[in-house]
file run31.cif (mmCIF, C-alpha atoms)
data_protein
#
loop_
_atom_site.label_atom_id
_atom_site.label_comp_id
_atom_site.auth_asym_id
_atom_site.auth_seq_id
_atom_site.Cartn_x
_atom_site.Cartn_y
_atom_site.Cartn_z
CA MET L 1139 0.00 0.00 0.00
CA ARG L 1140 1.28 3.43 -0.95
CA HIS L 1141 0.68 6.88 0.44
CA LEU L 1142 1.56 10.32 -0.90
CA MET L 1143 3.39 12.58 1.52
CA ASN L 1144 5.80 14.44 -0.70
CA PRO L 1145 5.88 14.99 -4.47
CA LEU L 1146 9.27 13.26 -4.52
CA ASP L 1147 7.66 10.04 -3.25
CA PHE L 1148 7.05 9.15 -6.91
CA THR L 1149 9.91 8.57 -9.34
CA VAL L 1150 10.01 10.54 -12.59
CA GLU L 1151 8.75 7.43 -14.41
CA GLU L 1152 5.88 6.96 -11.97
CA LEU L 1153 4.94 10.61 -12.37
CA ASP L 1154 4.92 10.18 -16.15
CA LYS L 1155 2.46 7.32 -15.75
CA LEU L 1156 0.32 9.37 -13.39
CA PHE L 1157 0.24 12.35 -15.75
CA ASP L 1158 -0.56 10.12 -18.75
CA LEU L 1159 -3.46 8.72 -16.79
CA ALA L 1160 -4.63 12.24 -15.86
CA ASN L 1161 -4.52 13.25 -19.54
CA ASP L 1162 -6.50 10.18 -20.51
CA ILE L 1163 -9.09 11.06 -17.86
CA GLU L 1164 -9.26 14.56 -19.34
CA LYS L 1165 -9.92 13.14 -22.82
CA ASN L 1166 -12.20 10.26 -21.85
CA PRO L 1167 -13.93 11.13 -18.58
CA GLU L 1168 -16.78 8.67 -19.17
CA LYS L 1169 -14.29 5.76 -19.23
CA TYR L 1170 -13.49 6.48 -15.59
CA SER L 1171 -16.91 7.51 -14.30
CA GLU L 1172 -17.56 4.24 -12.47
CA LYS L 1173 -14.01 3.16 -11.63
CA CYS L 1174 -14.47 3.94 -7.95
CA LYS L 1175 -18.05 2.76 -7.59
CA GLY L 1176 -18.57 1.62 -4.03
CA LYS L 1177 -15.39 3.31 -2.82
CA LYS L 1178 -15.29 6.14 -0.32
CA ILE L 1179 -12.79 8.92 0.24
CA ALA L 1180 -12.54 10.49 3.70
CA THR L 1181 -11.55 14.13 3.49
CA CYS L 1182 -10.17 14.87 6.95
CA PHE L 1183 -9.56 18.60 7.05
CA TYR L 1184 -8.40 19.86 10.42
CA GLU L 1185 -8.23 23.36 9.02
CA PRO L 1186 -10.41 24.98 6.39
CA SER L 1187 -9.34 24.72 2.77
CA THR L 1188 -12.38 24.80 0.58
CA ARG L 1189 -10.51 24.63 -2.70
CA THR L 1190 -8.37 21.56 -1.99
CA ARG L 1191 -11.16 19.70 -0.21
CA LEU L 1192 -13.69 20.30 -2.98
CA SER L 1193 -11.11 19.28 -5.57
CA PHE L 1194 -10.62 15.91 -3.84
CA GLU L 1195 -14.35 15.43 -3.39
CA SER L 1196 -15.07 16.38 -6.98
CA ALA L 1197 -12.34 13.95 -8.11
CA MET L 1198 -13.88 11.04 -6.17
CA ILE L 1199 -17.43 11.85 -7.33
CA ASN L 1200 -16.20 11.99 -10.97
CA LEU L 1201 -14.87 8.47 -10.45
CA GLY L 1202 -18.26 7.22 -9.22
CA GLY L 1203 -17.22 7.04 -5.59
CA SER L 1204 -18.57 8.83 -2.58
CA VAL L 1205 -17.27 11.17 0.07
CA ILE L 1206 -17.30 11.38 3.86
CA GLY L 1207 -15.29 13.66 6.11
CA PHE L 1208 -15.04 16.82 8.14
CA SER L 1209 -13.92 20.29 7.20
CA ASP L 1210 -12.57 21.70 10.41
CA ALA L 1211 -11.11 20.34 13.61
CA ASN L 1212 -13.99 21.59 15.75
CA SER L 1213 -16.41 19.26 14.04
CA SER L 1214 -14.14 16.25 14.54
CA SER L 1215 -13.07 14.27 17.58
CA ALA L 1216 -9.79 16.23 17.54
CA SER L 1217 -11.69 18.85 19.54
CA LYS L 1218 -12.09 16.19 22.24
CA GLY L 1219 -8.36 15.60 22.22
CA GLU L 1220 -8.14 12.54 19.96
CA SER L 1221 -4.71 12.00 18.40
CA VAL L 1222 -4.13 11.82 14.65
CA SER L 1223 -2.95 8.23 15.12
CA ASP L 1224 -6.25 7.21 16.70
CA THR L 1225 -8.38 9.19 14.24
CA ILE L 1226 -6.84 7.50 11.19
CA ARG L 1227 -7.30 4.04 12.70
CA VAL L 1228 -10.99 4.82 13.08
CA ILE L 1229 -11.27 6.42 9.62
CA SER L 1230 -9.60 3.32 8.13
CA CYS L 1231 -12.73 1.39 9.13
CA PHE L 1232 -15.02 3.82 7.31
CA ALA L 1233 -13.27 4.71 4.05
CA ASP L 1234 -11.01 3.26 1.35
CA ILE L 1235 -8.66 6.25 1.03
CA CYS L 1236 -8.06 9.42 3.03
CA ALA L 1237 -6.99 12.95 2.12
CA MET L 1238 -5.75 14.79 5.18
CA ARG L 1239 -5.10 18.50 5.74
CA HIS L 1240 -3.64 19.39 9.12
CA PRO L 1241 -2.02 22.55 10.50
CA LYS L 1242 0.85 20.57 12.05
CA GLU L 1243 3.80 19.57 9.89
CA GLY L 1244 4.23 15.83 9.54
CA ALA L 1245 0.65 15.03 10.61
CA ALA L 1246 -0.14 13.11 7.43
CA MET L 1247 3.03 11.06 7.85
CA VAL L 1248 1.96 10.06 11.35
CA ALA L 1249 -1.46 9.14 9.96
CA ALA L 1250 0.10 7.07 7.16
CA SER L 1251 2.22 5.14 9.65
CA LYS L 1252 -0.91 3.96 11.51
CA SER L 1253 -3.33 3.69 8.61
CA SER L 1254 -4.62 0.60 6.84
CA ILE L 1255 -5.83 2.71 3.87
CA PRO L 1256 -3.78 4.98 1.57
CA VAL L 1257 -3.29 8.48 2.96
CA ILE L 1258 -2.78 11.56 0.79
CA ASN L 1259 -1.16 14.58 2.37
CA ALA L 1260 -3.50 17.42 1.43
CA GLY L 1261 -1.24 19.97 3.14
CA ASP L 1262 0.57 19.83 6.48
CA GLY L 1263 1.19 23.33 7.80
CA GLY L 1264 3.95 25.10 5.93
CA HIS L 1265 5.63 21.81 5.05
CA GLN L 1266 4.28 19.97 2.01
CA HIS L 1267 1.31 20.18 -0.30
CA PRO L 1268 2.13 17.49 -2.85
CA THR L 1269 -1.12 17.52 -4.81
CA GLN L 1270 -0.61 21.23 -5.56
CA THR L 1271 2.81 20.39 -6.98
CA LEU L 1272 1.36 17.54 -9.03
CA THR L 1273 -1.30 19.97 -10.28
CA ASP L 1274 1.37 22.51 -11.28
CA MET L 1275 3.41 19.83 -13.04
CA LEU L 1276 0.43 18.37 -14.90
CA THR L 1277 -0.57 21.87 -16.06
CA ILE L 1278 2.94 22.56 -17.40
CA ARG L 1279 3.27 19.14 -19.01
CA SER L 1280 -0.17 19.28 -20.63
CA LEU L 1281 0.10 22.83 -21.95
CA LYS L 1282 3.81 22.88 -22.82
CA GLY L 1283 4.07 19.24 -23.78
CA ARG L 1284 7.14 18.67 -21.61
CA LEU L 1285 8.63 19.02 -18.15
CA ASN L 1286 12.15 19.83 -19.32
CA HIS L 1287 14.05 22.40 -21.36
CA PHE L 1288 12.53 25.63 -20.15
CA THR L 1289 13.14 28.77 -18.12
CA ILE L 1290 10.73 29.17 -15.24
CA GLY L 1291 10.33 32.35 -13.23
CA LEU L 1292 8.97 32.10 -9.71
CA CYS L 1293 7.78 35.41 -8.40
CA GLY L 1294 6.61 36.84 -5.07
CA ASP L 1295 7.05 35.34 -1.64
CA LEU L 1296 9.75 32.76 -2.29
CA LYS L 1297 10.82 32.50 1.33
CA PHE L 1298 7.65 31.20 2.93
CA GLY L 1299 5.83 29.87 -0.12
CA ARG L 1300 5.75 26.08 0.26
CA THR L 1301 4.28 25.62 -3.22
CA VAL L 1302 7.38 27.29 -4.63
CA HIS L 1303 9.85 25.16 -2.66
CA SER L 1304 8.01 22.03 -3.53
CA LEU L 1305 7.79 22.86 -7.25
CA VAL L 1306 11.50 23.75 -7.46
CA ASN L 1307 12.40 20.45 -5.78
CA ALA L 1308 10.15 18.48 -8.12
CA LEU L 1309 11.37 20.21 -11.31
CA SER L 1310 15.02 19.90 -10.29
CA ARG L 1311 14.81 16.24 -11.36
CA TYR L 1312 14.24 17.18 -15.02
CA ASP L 1313 16.83 18.21 -17.63
CA ASP L 1314 17.77 21.69 -18.66
CA ILE L 1315 15.55 23.74 -16.41
CA HIS L 1316 16.73 27.26 -15.66
CA PHE L 1317 15.18 28.89 -12.60
CA ILE L 1318 14.70 32.63 -12.22
CA PHE L 1319 13.71 33.76 -8.74
CA ILE L 1320 12.02 37.15 -8.55
CA SER L 1321 11.47 38.49 -5.05
CA PRO L 1322 12.35 41.31 -2.69
CA GLU L 1323 15.52 40.77 -0.65
CA GLU L 1324 13.38 40.02 2.43
CA LEU L 1325 11.57 37.16 0.71
CA ARG L 1326 14.41 35.48 -1.19
CA ILE L 1327 14.36 31.76 -1.88
CA PRO L 1328 15.89 29.94 1.15
CA ASP L 1329 19.59 29.06 1.22
CA TYR L 1330 18.97 25.34 1.26
CA ILE L 1331 17.13 25.51 -2.07
CA ARG L 1332 19.95 27.52 -3.65
CA GLU L 1333 22.48 25.07 -2.21
CA MET L 1334 20.50 22.12 -3.59
CA LEU L 1335 20.44 23.68 -7.07
CA SER L 1336 24.17 24.47 -6.96
CA GLU L 1337 24.99 20.93 -5.84
CA LYS L 1338 22.98 19.50 -8.72
CA GLY L 1339 24.60 21.93 -11.16
CA ILE L 1340 21.25 23.53 -12.01
CA SER L 1341 21.43 27.15 -13.14
CA TYR L 1342 19.45 29.92 -11.48
CA GLN L 1343 19.35 33.69 -11.34
CA GLU L 1344 17.78 36.10 -8.88
CA TYR L 1345 16.05 39.36 -9.72
CA ILE L 1346 14.28 42.02 -7.72
CA LYS L 1347 12.10 43.34 -10.55
CA LEU L 1348 9.83 41.22 -12.69
CA GLU L 1349 10.14 43.47 -15.74
CA ASP L 1350 13.91 42.89 -15.79
CA CYS L 1351 13.49 39.23 -16.71
CA ILE L 1352 9.92 38.54 -17.83
CA GLY L 1353 10.99 38.50 -21.48
CA ASP L 1354 13.22 35.45 -20.85
CA LEU L 1355 10.56 33.27 -19.29
CA ASP L 1356 8.72 30.27 -20.73
CA LEU L 1357 6.69 29.95 -17.53
CA LEU L 1358 5.85 32.41 -14.79
CA TYR L 1359 4.71 31.05 -11.44
CA MET L 1360 3.16 33.87 -9.42
CA THR L 1361 2.61 33.84 -5.67
CA ARG L 1362 1.17 36.36 -3.29
CA VAL L 1363 3.37 38.83 -1.41
CA GLN L 1364 1.83 39.11 1.99
CA ARG L 1365 1.93 42.32 3.96
CA GLU L 1366 2.49 40.51 7.25
CA ARG L 1367 5.81 39.06 6.02
CA PHE L 1368 7.46 42.48 5.96
CA PHE L 1369 9.24 44.02 8.87
CA ASN L 1370 7.98 47.48 8.08
CA GLU L 1371 5.18 49.01 6.11
CA GLU L 1372 7.55 51.20 4.11
CA ASP L 1373 9.28 48.20 2.53
CA TYR L 1374 5.96 46.59 1.71
CA VAL L 1375 4.64 49.71 0.00
CA ARG L 1376 7.94 50.10 -1.86
CA LEU L 1377 7.95 46.53 -3.17
CA LYS L 1378 4.38 45.37 -3.53
CA ASP L 1379 3.77 46.89 -6.95
CA PHE L 1380 6.83 45.19 -8.46
CA TYR L 1381 4.86 42.00 -8.24
CA ILE L 1382 1.56 43.00 -9.71
CA LEU L 1383 1.32 41.34 -13.07
CA ASP L 1384 -0.60 43.56 -15.46
CA LYS L 1385 -1.13 43.98 -19.20
CA ASN L 1386 1.93 46.20 -19.47
CA LYS L 1387 4.25 43.54 -18.01
CA MET L 1388 2.54 40.83 -20.07
CA SER L 1389 3.36 42.83 -23.20
CA MET L 1390 7.08 42.27 -22.45
CA ALA L 1391 6.63 38.50 -22.13
CA LYS L 1392 7.01 35.83 -24.81
CA GLU L 1393 3.91 35.00 -26.81
CA ASP L 1394 3.82 31.46 -25.48
CA MET L 1395 4.76 32.15 -21.87
CA LEU L 1396 2.30 30.59 -19.42
CA VAL L 1397 1.23 32.23 -16.16
CA LEU L 1398 0.46 29.89 -13.28
CA HIS L 1399 -0.69 30.68 -9.76
CA PRO L 1400 -1.61 28.25 -6.95
CA LEU L 1401 -4.54 30.59 -5.99
CA PRO L 1402 -6.14 32.25 -4.15
CA ARG L 1403 -5.11 35.40 -5.97
CA VAL L 1404 -5.54 38.70 -4.23
CA ASN L 1405 -4.14 41.54 -6.28
CA GLU L 1406 -0.82 40.18 -7.57
CA ILE L 1407 -2.35 39.40 -10.96
CA SER L 1408 -4.51 42.17 -12.31
CA VAL L 1409 -7.93 40.91 -13.49
CA GLU L 1410 -7.17 42.45 -16.89
CA VAL L 1411 -4.69 39.57 -17.42
CA ASP L 1412 -7.40 36.90 -16.93
CA ASP L 1413 -8.53 37.04 -20.55
CA ASP L 1414 -4.99 36.68 -21.89
CA PRO L 1415 -4.67 33.15 -23.36
CA ARG L 1416 -1.34 32.84 -21.56
CA ALA L 1417 -3.09 33.09 -18.16
CA VAL L 1418 -3.75 29.46 -17.26
CA TYR L 1419 -4.37 29.64 -13.50
CA PHE L 1420 -8.03 28.68 -13.81
CA LYS L 1421 -7.20 25.81 -16.17
CA GLN L 1422 -4.70 24.79 -13.50
CA VAL L 1423 -7.61 24.25 -11.06
CA GLN L 1424 -9.22 21.88 -13.57
CA TYR L 1425 -5.94 19.98 -13.93
CA GLY L 1426 -5.95 19.70 -10.13
CA VAL L 1427 -9.10 17.60 -10.34
CA TYR L 1428 -7.67 15.36 -13.11
CA VAL L 1429 -4.43 14.75 -11.22
CA ARG L 1430 -6.31 13.94 -8.01
CA MET L 1431 -8.50 11.49 -9.94
CA ALA L 1432 -5.38 9.84 -11.35
CA LEU L 1433 -3.83 9.77 -7.89
CA ILE L 1434 -6.88 8.18 -6.25
CA LEU L 1435 -6.96 5.49 -8.98
CA THR L 1436 -3.23 4.86 -8.63
CA LEU L 1437 -3.23 4.59 -4.83
CA LEU L 1438 -6.33 2.37 -4.86
CA GLU L 1439 -4.61 0.24 -7.53
CA LEU L 1440 -7.56 0.69 -9.89
CA ALA L 1441 -5.61 2.41 -12.66
CA MET J 173 47.83 15.19 40.00
CA LEU J 174 44.67 13.23 40.62
CA ASN J 175 44.80 9.48 40.23
CA VAL J 176 41.80 7.42 39.27
CA GLY J 177 42.34 3.69 39.45
CA LYS J 178 42.08 1.18 36.62
CA ILE J 179 38.80 -0.46 35.84
CA GLU J 180 38.61 -4.20 35.35
CA GLU J 181 35.72 -4.39 32.91
CA GLY J 182 33.89 -1.60 31.19
CA PHE J 183 34.82 1.28 28.95
CA VAL J 184 36.73 4.50 28.94
CA LEU J 185 35.47 7.40 26.88
CA ASP J 186 38.46 9.51 26.05
CA HIS J 187 38.92 12.80 24.20
CA ILE J 188 35.62 14.25 25.35
CA GLN J 189 35.54 17.97 24.78
CA ALA J 190 36.50 19.66 28.07
CA GLY J 191 33.49 20.47 30.20
CA LYS J 192 31.09 18.19 28.33
CA SER J 193 31.40 15.01 30.38
CA LEU J 194 28.51 15.69 32.74
CA SER J 195 26.17 16.38 29.90
CA LEU J 196 27.33 13.19 28.20
CA TYR J 197 26.78 11.31 31.47
CA HIS J 198 23.11 12.30 31.36
CA HIS J 199 22.63 11.70 27.64
CA LEU J 200 24.00 8.18 27.99
CA MET J 201 21.68 7.74 30.96
CA LEU J 202 24.56 6.58 33.12
CA ASP J 203 22.69 8.01 36.09
CA LYS J 204 20.21 5.16 35.63
CA LEU J 205 22.90 2.46 35.85
CA ASP J 206 24.02 0.97 39.11
CA CYS J 207 27.75 0.91 38.42
CA THR J 208 30.95 2.78 39.18
CA VAL J 209 31.48 5.90 37.10
CA ALA J 210 34.43 8.25 37.23
CA ILE J 211 34.02 11.66 35.66
CA ILE J 212 37.32 13.36 35.00
CA LYS J 213 37.13 16.99 34.02
CA ASN J 214 39.81 19.13 32.42
CA ALA J 215 42.51 16.45 32.22
CA LYS J 216 45.66 17.46 30.37
CA SER J 217 45.74 16.42 26.73
CA ASN J 218 48.51 16.77 24.15
CA LYS J 219 45.94 16.69 21.36
CA MET J 220 43.23 18.88 22.83
CA GLY J 221 44.93 20.92 25.56
CA LYS J 222 42.19 19.96 27.99
CA LYS J 223 39.76 17.09 27.80
CA ASP J 224 37.23 15.18 29.84
CA ILE J 225 37.25 11.42 30.41
CA LEU J 226 34.49 9.07 31.55
CA LYS J 227 35.33 5.71 33.06
CA VAL J 228 32.44 3.35 33.48
CA GLU J 229 32.61 -0.09 35.03
CA CYS J 230 29.90 -2.05 33.24
CA ASP J 231 29.20 -4.24 30.21
CA ILE J 232 29.98 -2.48 26.90
CA ASN J 233 26.54 -3.51 25.63
CA MET J 234 25.00 -1.14 28.14
CA LEU J 235 26.37 1.79 26.14
CA ASP J 236 24.36 3.30 23.31
CA LEU J 237 27.09 3.92 20.75
CA ASP J 238 24.63 5.61 18.37
CA VAL J 239 23.81 8.27 20.91
CA LEU J 240 27.47 8.75 21.64
CA ALA J 241 28.32 9.07 17.95
CA PHE J 242 25.53 11.58 17.45
CA ILE J 243 26.79 13.71 20.32
CA ASP J 244 30.45 13.64 19.30
CA HIS J 245 31.91 11.05 16.98
CA ASN J 246 35.46 12.19 17.79
CA ILE J 247 35.27 10.58 21.22
CA THR J 248 37.52 7.54 21.60
CA VAL J 249 35.79 4.49 23.06
CA ASN J 250 38.17 2.05 24.74
CA VAL J 251 36.72 -1.29 25.75
CA ILE J 252 38.35 -2.70 28.85
CA LYS J 253 38.54 -6.35 29.92
CA ASP J 254 40.68 -7.70 32.73
CA GLY J 255 42.10 -4.22 33.19
CA GLU J 256 43.41 -3.98 29.64
CA ILE J 257 42.19 -2.20 26.52
CA VAL J 258 40.86 -4.98 24.28
CA ASP J 259 39.09 -2.94 21.64
CA LYS J 260 38.67 0.61 20.35
CA LYS J 261 35.26 1.29 18.92
CA GLU J 262 35.00 3.52 15.90
CA LEU J 263 32.04 5.83 16.07
CA VAL J 264 29.98 6.48 12.98
CA LEU J 265 27.12 8.93 12.75
CA PRO J 266 23.86 7.02 13.15
CA LYS J 267 21.43 7.20 10.22
CA GLU J 268 18.54 7.65 12.61
CA ILE J 269 18.24 8.67 16.24
CA LYS J 270 15.18 8.13 18.33
CA ASN J 271 14.17 10.05 21.45
CA VAL J 272 17.58 11.62 22.02
CA ILE J 273 16.74 15.15 20.93
CA LYS J 274 13.37 16.78 20.55
CA CYS J 275 12.02 18.66 17.59
CA LYS J 276 11.72 22.30 18.57
CA ASN J 277 9.54 23.34 15.66
CA PRO J 278 6.30 24.49 17.29
CA ARG J 279 4.45 23.65 14.06
CA CYS J 280 5.64 20.01 14.12
CA ILE J 281 3.12 17.25 14.83
CA THR J 282 5.42 16.03 17.65
CA SER J 283 4.43 19.17 19.58
CA ILE J 284 0.86 17.88 20.04
CA GLU J 285 0.75 14.14 19.32
CA GLN J 286 1.31 12.29 22.58
CA GLU J 287 3.83 9.49 22.81
CA LEU J 288 5.08 10.02 19.29
CA PRO J 289 8.79 9.14 19.19
CA HIS J 290 11.05 12.06 18.26
CA ILE J 291 12.98 10.68 15.31
CA PHE J 292 15.75 12.48 13.46
CA ILE J 293 17.26 11.31 10.17
CA LEU J 294 20.81 12.00 9.00
CA THR J 295 20.20 13.88 5.74
CA ASP J 296 23.71 15.19 5.03
CA GLU J 297 26.55 13.04 6.26
CA GLU J 298 29.26 15.50 5.27
CA LYS J 299 27.72 18.45 7.06
CA GLU J 300 26.34 16.21 9.82
CA ILE J 301 22.82 17.53 9.39
CA TYR J 302 19.91 15.81 11.05
CA ARG J 303 16.30 16.61 10.20
CA CYS J 304 13.09 15.75 11.99
CA LYS J 305 11.44 12.77 10.30
CA TYR J 306 8.04 14.46 10.39
CA CYS J 307 8.53 18.17 9.62
CA GLU J 308 12.11 18.02 8.19
CA GLU J 309 13.20 20.89 10.45
CA LYS J 310 16.97 20.94 10.78
CA TYR J 311 18.42 20.18 14.18
CA GLY J 312 20.42 23.36 14.43
CA GLU J 313 22.05 23.18 17.82
CA LYS J 314 25.43 21.99 18.88
CA ARG J 315 25.30 18.38 19.89
CA LEU J 316 25.80 18.92 23.60
#
call {"tool": "encode", "arguments": {"input": "run31.cif", "output": "structure tokens"}}
result
Amino acid sequence: MRHLMNPLDFTVEELDKLFDLANDIEKNPEKYSEKCKGKKIATCFYEPSTRTRLSFESAMINLGGSVIGFSDANSSSASKGESVSDTIRVISCFADICAMRHPKEGAAMVAASKSSIPVINAGDGGHQHPTQTLTDMLTIRSLKGRLNHFTIGLCGDLKFGRTVHSLVNALSRYDDIHFIFISPEELRIPDYIREMLSEKGISYQEYIKLEDCIGDLDLLYMTRVQRERFFNEEDYVRLKDFYILDKNKMSMAKEDMLVLHPLPRVNEISVEVDDDPRAVYFKQVQYGVYVRMALILTLLELA
Amino acid sequence: MLNVGKIEEGFVLDHIQAGKSLSLYHHLMLDKLDCTVAIIKNAKSNKMGKKDILKVECDINMLDLDVLAFIDHNITVNVIKDGEIVDKKELVLPKEIKNVIKCKNPRCITSIEQELPHIFILTDEEKEIYRCKYCEEKYGEKRL
């Protein structure tokens, strides 16, 4: 029995298989509409995350299965002090697979170690969110046709953004990827990521301003710069507008550059960009459902 | 010059960084053992200037070499039998250590899940970096 804790749990070959399956689901949804008939997914969300939870639930319903679960810790036995280890042993009796979101880092791993059903980490604090990374990768692979040979810019809060760290780690296994990190000094990509890239001989550059490099990018991964991450208001005001992607900045970008965003977006991408065919962040949400369907089938060994 | 007598059977931990022997004594849980222990602080050393030494009269199997290696793998472990050194144990960094150090990341599941063992994995042998098995937080402190 397999679980998914970290996007690196799957080899590159296994990911290829998973993404092929997701693409087949996209093309032939009816072929998969009863694959999980009689199966149940438990969505155990100890903290609210409407988007991820609904994506998992939608994925299971698309496969003909059904859904049980809770959407915040107060409506579960955790509010009575039950441990994650005990909860998963109970859930294992009710469902065939579990997607768990928990504010504490490593919670899903603890659950997996005690579970008799596959556990998917649906986000554990600031640590990992593997299905977001799989979503990002499937979007790139489907729309670019490859996961290698490109320049990707990651922009915004690169220090605290777990989706960024996770995506860089996952893409570092593919050939000829050049990373461009665009962030204020205060929110630079952590040392350990830069060290990892240097050790692997992977090239990267760092920029403060998006307009200084946007023309070189094949992909732009935007994240939100959060006011509360800054030490003073002055710095935030000085830097925040660097990272608002608007029509003007898009005019400097390549014609086939794709813009991704893990969402929710606040103001870092102007709504005027939404109609640009290069803006694929809403398509990305749809790919999130396909990849979760493929993942459920794979972990239940129904693929 | 202080003289501490020979031990017949047990082990001598030599080349302990000066001042660290008491801490080591607790980490190895020698306080729980009912045996003779000599703690020598600030002994003269050609190699280190000053060093600490621990002499323990008990079976070598009572000693957790993994814990010792994690704390300081430069310590020399002399195994004594019939008053003579019969073996010198080489210490290698353990791949995994359990319940020796605690994860200090307040966001880690170990901070709330009762009775969960605190497990650290050696992730970089060269830089001697250990990370929490659950949250991957680096153990950033000096060993002792």
call {"tool": "resolve_selection", "arguments": {"input": "run31.cif", "expression": "the PyMOL selection byres ((chain J) within 8 of (chain L))", "output": "PyMOL selection string"}}
result
chain J and resi 279-281+285-286+305-307
call {"tool": "atom_distance", "arguments": {"input": "run31.cif", "atom1": "CA of Leu1433 in chain L", "atom2": "CA of Tyr1359 in chain L"}}
result
23.2 Å
call {"tool": "residues_around", "arguments": {"input": "run31.cif", "residues": "Tyr302 in chain J", "least_positions_apart": "5", "cutoff": "12 Å", "atoms": "all atoms listed in the file", "output": "NGL selection string"}}
result
:J and (242-243 or 265-270 or 272-275 or 291-297 or 307-315)
call {"tool": "write_last_selection", "arguments": {"input": "run31.cif", "atoms": "C-alpha atoms", "output": "tab-separated table (two decimals), in the coordinates of the input"}}
result
chain	number	residue	atom	x	y	z
J	242	PHE	CA	25.53	11.58	17.45
J	243	ILE	CA	26.79	13.71	20.32
J	265	LEU	CA	27.12	8.93	12.75
J	266	PRO	CA	23.86	7.02	13.15
J	267	LYS	CA	21.43	7.20	10.22
J	268	GLU	CA	18.54	7.65	12.61
J	269	ILE	CA	18.24	8.67	16.24
J	270	LYS	CA	15.18	8.13	18.33
J	272	VAL	CA	17.58	11.62	22.02
J	273	ILE	CA	16.74	15.15	20.93
J	274	LYS	CA	13.37	16.78	20.55
J	275	CYS	CA	12.02	18.66	17.59
J	291	ILE	CA	12.98	10.68	15.31
J	292	PHE	CA	15.75	12.48	13.46
J	293	ILE	CA	17.26	11.31	10.17
J	294	LEU	CA	20.81	12.00	9.00
J	295	THR	CA	20.20	13.88	5.74
J	296	ASP	CA	23.71	15.19	5.03
J	297	GLU	CA	26.55	13.04	6.26
J	307	CYS	CA	8.53	18.17	9.62
J	308	GLU	CA	12.11	18.02	8.19
J	309	GLU	CA	13.20	20.89	10.45
J	310	LYS	CA	16.97	20.94	10.78
J	311	TYR	CA	18.42	20.18	14.18
J	312	GLY	CA	20.42	23.36	14.43
J	313	GLU	CA	22.05	23.18	17.82
J	314	LYS	CA	25.43	21.99	18.88
J	315	ARG	CA	25.30	18.38	19.89
call {"tool": "resolve_selection", "arguments": {"input": "run31.cif", "expression": "the PyMOL selection byres ((chain L and resi 1300) around 12)", "output": "VMD selection string"}}
result
chain L and resid 1144 1243 1261 to 1268 1270 to 1271 1295 to 1299 1301 to 1307 1327 to 1328 1331 1361 to 1362 1400
call {"tool": "residues_near_point", "arguments": {"input": "run31.cif", "point": "(40.7, 0.9, 30.0)", "cutoff": "8 Å", "atoms": "all atoms listed in the file", "output": "number ranges by chain"}}
result
J: 178-184, 227, 250-253, 255-257
call {"tool": "decode", "arguments": {"input": "run31.cif", "residues": "range 175-183 of chain J", "atoms": "N, CA, C and O atoms", "output": "mmCIF file, in the first residue's frame"}}
result
data_model
loop_
_atom_site.group_PDB
_atom_site.id
_atom_site.type_symbol
_atom_site.label_atom_id
_atom_site.label_comp_id
_atom_site.auth_asym_id
_atom_site.auth_seq_id
_atom_site.Cartn_x
_atom_site.Cartn_y
_atom_site.Cartn_z
ATOM 1 N N ASN J 175 44.732 10.830 40.795
ATOM 2 C CA ASN J 175 44.799 9.482 40.229
ATOM 3 C C ASN J 175 43.464 8.758 40.342
ATOM 4 O O ASN J 175 42.880 8.707 41.422
ATOM 5 N N VAL J 176 43.013 8.237 39.249
ATOM 6 C CA VAL J 176 41.800 7.416 39.267
ATOM 7 C C VAL J 176 42.228 6.016 38.855
ATOM 8 O O VAL J 176 42.907 5.856 37.838
ATOM 9 N N GLY J 177 41.857 5.052 39.672
ATOM 10 C CA GLY J 177 42.337 3.690 39.450
ATOM 11 C C GLY J 177 41.823 3.054 38.167
ATOM 12 O O GLY J 177 40.873 3.536 37.554
ATOM 13 N N LYS J 178 42.479 1.958 37.804
ATOM 14 C CA LYS J 178 42.081 1.184 36.616
ATOM 15 C C LYS J 178 40.710 0.572 36.815
ATOM 16 O O LYS J 178 40.331 0.286 37.934
ATOM 17 N N ILE J 179 40.021 0.334 35.703
ATOM 18 C CA ILE J 179 38.802 -0.460 35.839
ATOM 19 C C ILE J 179 39.062 -1.838 35.252
ATOM 20 O O ILE J 179 39.887 -1.996 34.348
ATOM 21 N N GLU J 180 38.387 -2.820 35.784
ATOM 22 C CA GLU J 180 38.606 -4.203 35.345
ATOM 23 C C GLU J 180 37.822 -4.507 34.065
ATOM 24 O O GLU J 180 38.343 -5.074 33.126
ATOM 25 N N GLU J 181 36.543 -4.139 34.086
ATOM 26 C CA GLU J 181 35.717 -4.393 32.910
ATOM 27 C C GLU J 181 34.777 -3.217 32.690
ATOM 28 O O GLU J 181 34.121 -2.755 33.623
ATOM 29 N N GLY J 182 34.760 -2.742 31.476
ATOM 30 C CA GLY J 182 33.894 -1.597 31.192
ATOM 31 C C GLY J 182 34.431 -0.817 30.009
ATOM 32 O O GLY J 182 34.986 -1.407 29.075
ATOM 33 N N PHE J 183 34.286 0.490 30.066
ATOM 34 C CA PHE J 183 34.818 1.278 28.951
ATOM 35 C C PHE J 183 35.277 2.652 29.414
ATOM 36 O O PHE J 183 34.822 3.154 30.446
#
